[in-house]
Amino acid sequence: RVPLYAVLTILSAALQSVSFKKAGYSLMSFPYIILLVVAFSFIPILFLFVFYIDKTYGILKESKTVEVKKTFAVLGFLNAANGVLIIFSNPHVSGIVQSALAQAVIPTTLVLSVLILKVSFSKFQYIGAFVVFVGIFVEFIPYLQTSAQQSSTVASKPFFVLTFCLGQLPASLSGIYQEIAFSKSRVNVVY
């Protein structure tokens, strides 16, 4: 079952990315409708999965406490912030640039882990994060060189590129927060 689930996960993620981008292009510059539909669709769809898992296998009572539910609310807020920043800037940032900028989550998570969790990494991990950071900076260079004489749409691109990149900050904070919250309590991974 594991290979089948792995293939289905990769296939559904790829189809989601392609259909999301295609739908975003069809709605022109500001696909806010996608943001709302996707956000509201996650709630009933994921609730059905949790309900099924709870009825079939059972979810630990410790996973259903008010404290854990507060944790999920914070995680939901951070994921929503990530989504809003990315979807807002999505139509203005090409797919190739998005792929590069999405990697900002790596050095951001590393730095926040050091600052908040007080963890350390190996020299190669720091070097790897630095290489990713340099790659992101190289991706920014053309946008930093945009002159005021160019059209307003081209001049506004640095704003959207930066917004997309900043969308990785809540994703990094979400990972750090999960590490803190779930190391203190026993939570079913699916839940």
# chains A, B, ... in the order shown; residues from 1 in each chain; ligands from 1

$ residues_around --residues "Leu110 (chain A)" --least-positions-apart "5" --cutoff "12 Å" --atoms "only C-alpha atoms" --output "list in words"
Gln103, Ala104, Val105, Leu115, Ile116, Leu117, Lys118, Val119, Ser120, Phe121, Ser122, Gln125, Tyr126, Ile127, Gly128, Ala129, Phe130, Val132, Phe133, Leu169, Ser172, Leu173, Gly175 and Ile176 of chain A

$ closest_residue --among "A:Lys157, A:Arg186, A:Lys69, A:Arg1" --to "His92 (chain A)" --atoms "only C-alpha atoms"
A:Lys157

$ atom_distance --atom1 "CA of Glu179 (chain A)" --atom2 "CA of Phe137 (chain A)"
28.1 Å

$ residues_around --residues "Phe140 (chain A)" --least-positions-apart "4" --cutoff "8 Å" --atoms "only C-alpha atoms" --output "PyMOL selection string"
chain A and resi 136+144+158+161

$ closest_residue --among "A:Pro91, A:Leu78, A:Tyr143, A:Phe124" --to "Ser26 (chain A)" --atoms "only C-alpha atoms"
A:Pro91

$ residues_around --residues "Phe182 (chain A)" --least-positions-apart "2" --cutoff "12 Å" --atoms "only C-alpha atoms" --output "NGL selection string"
:A and (62-63 or 67-72 or 75 or 174-180 or 184-189 or 191)
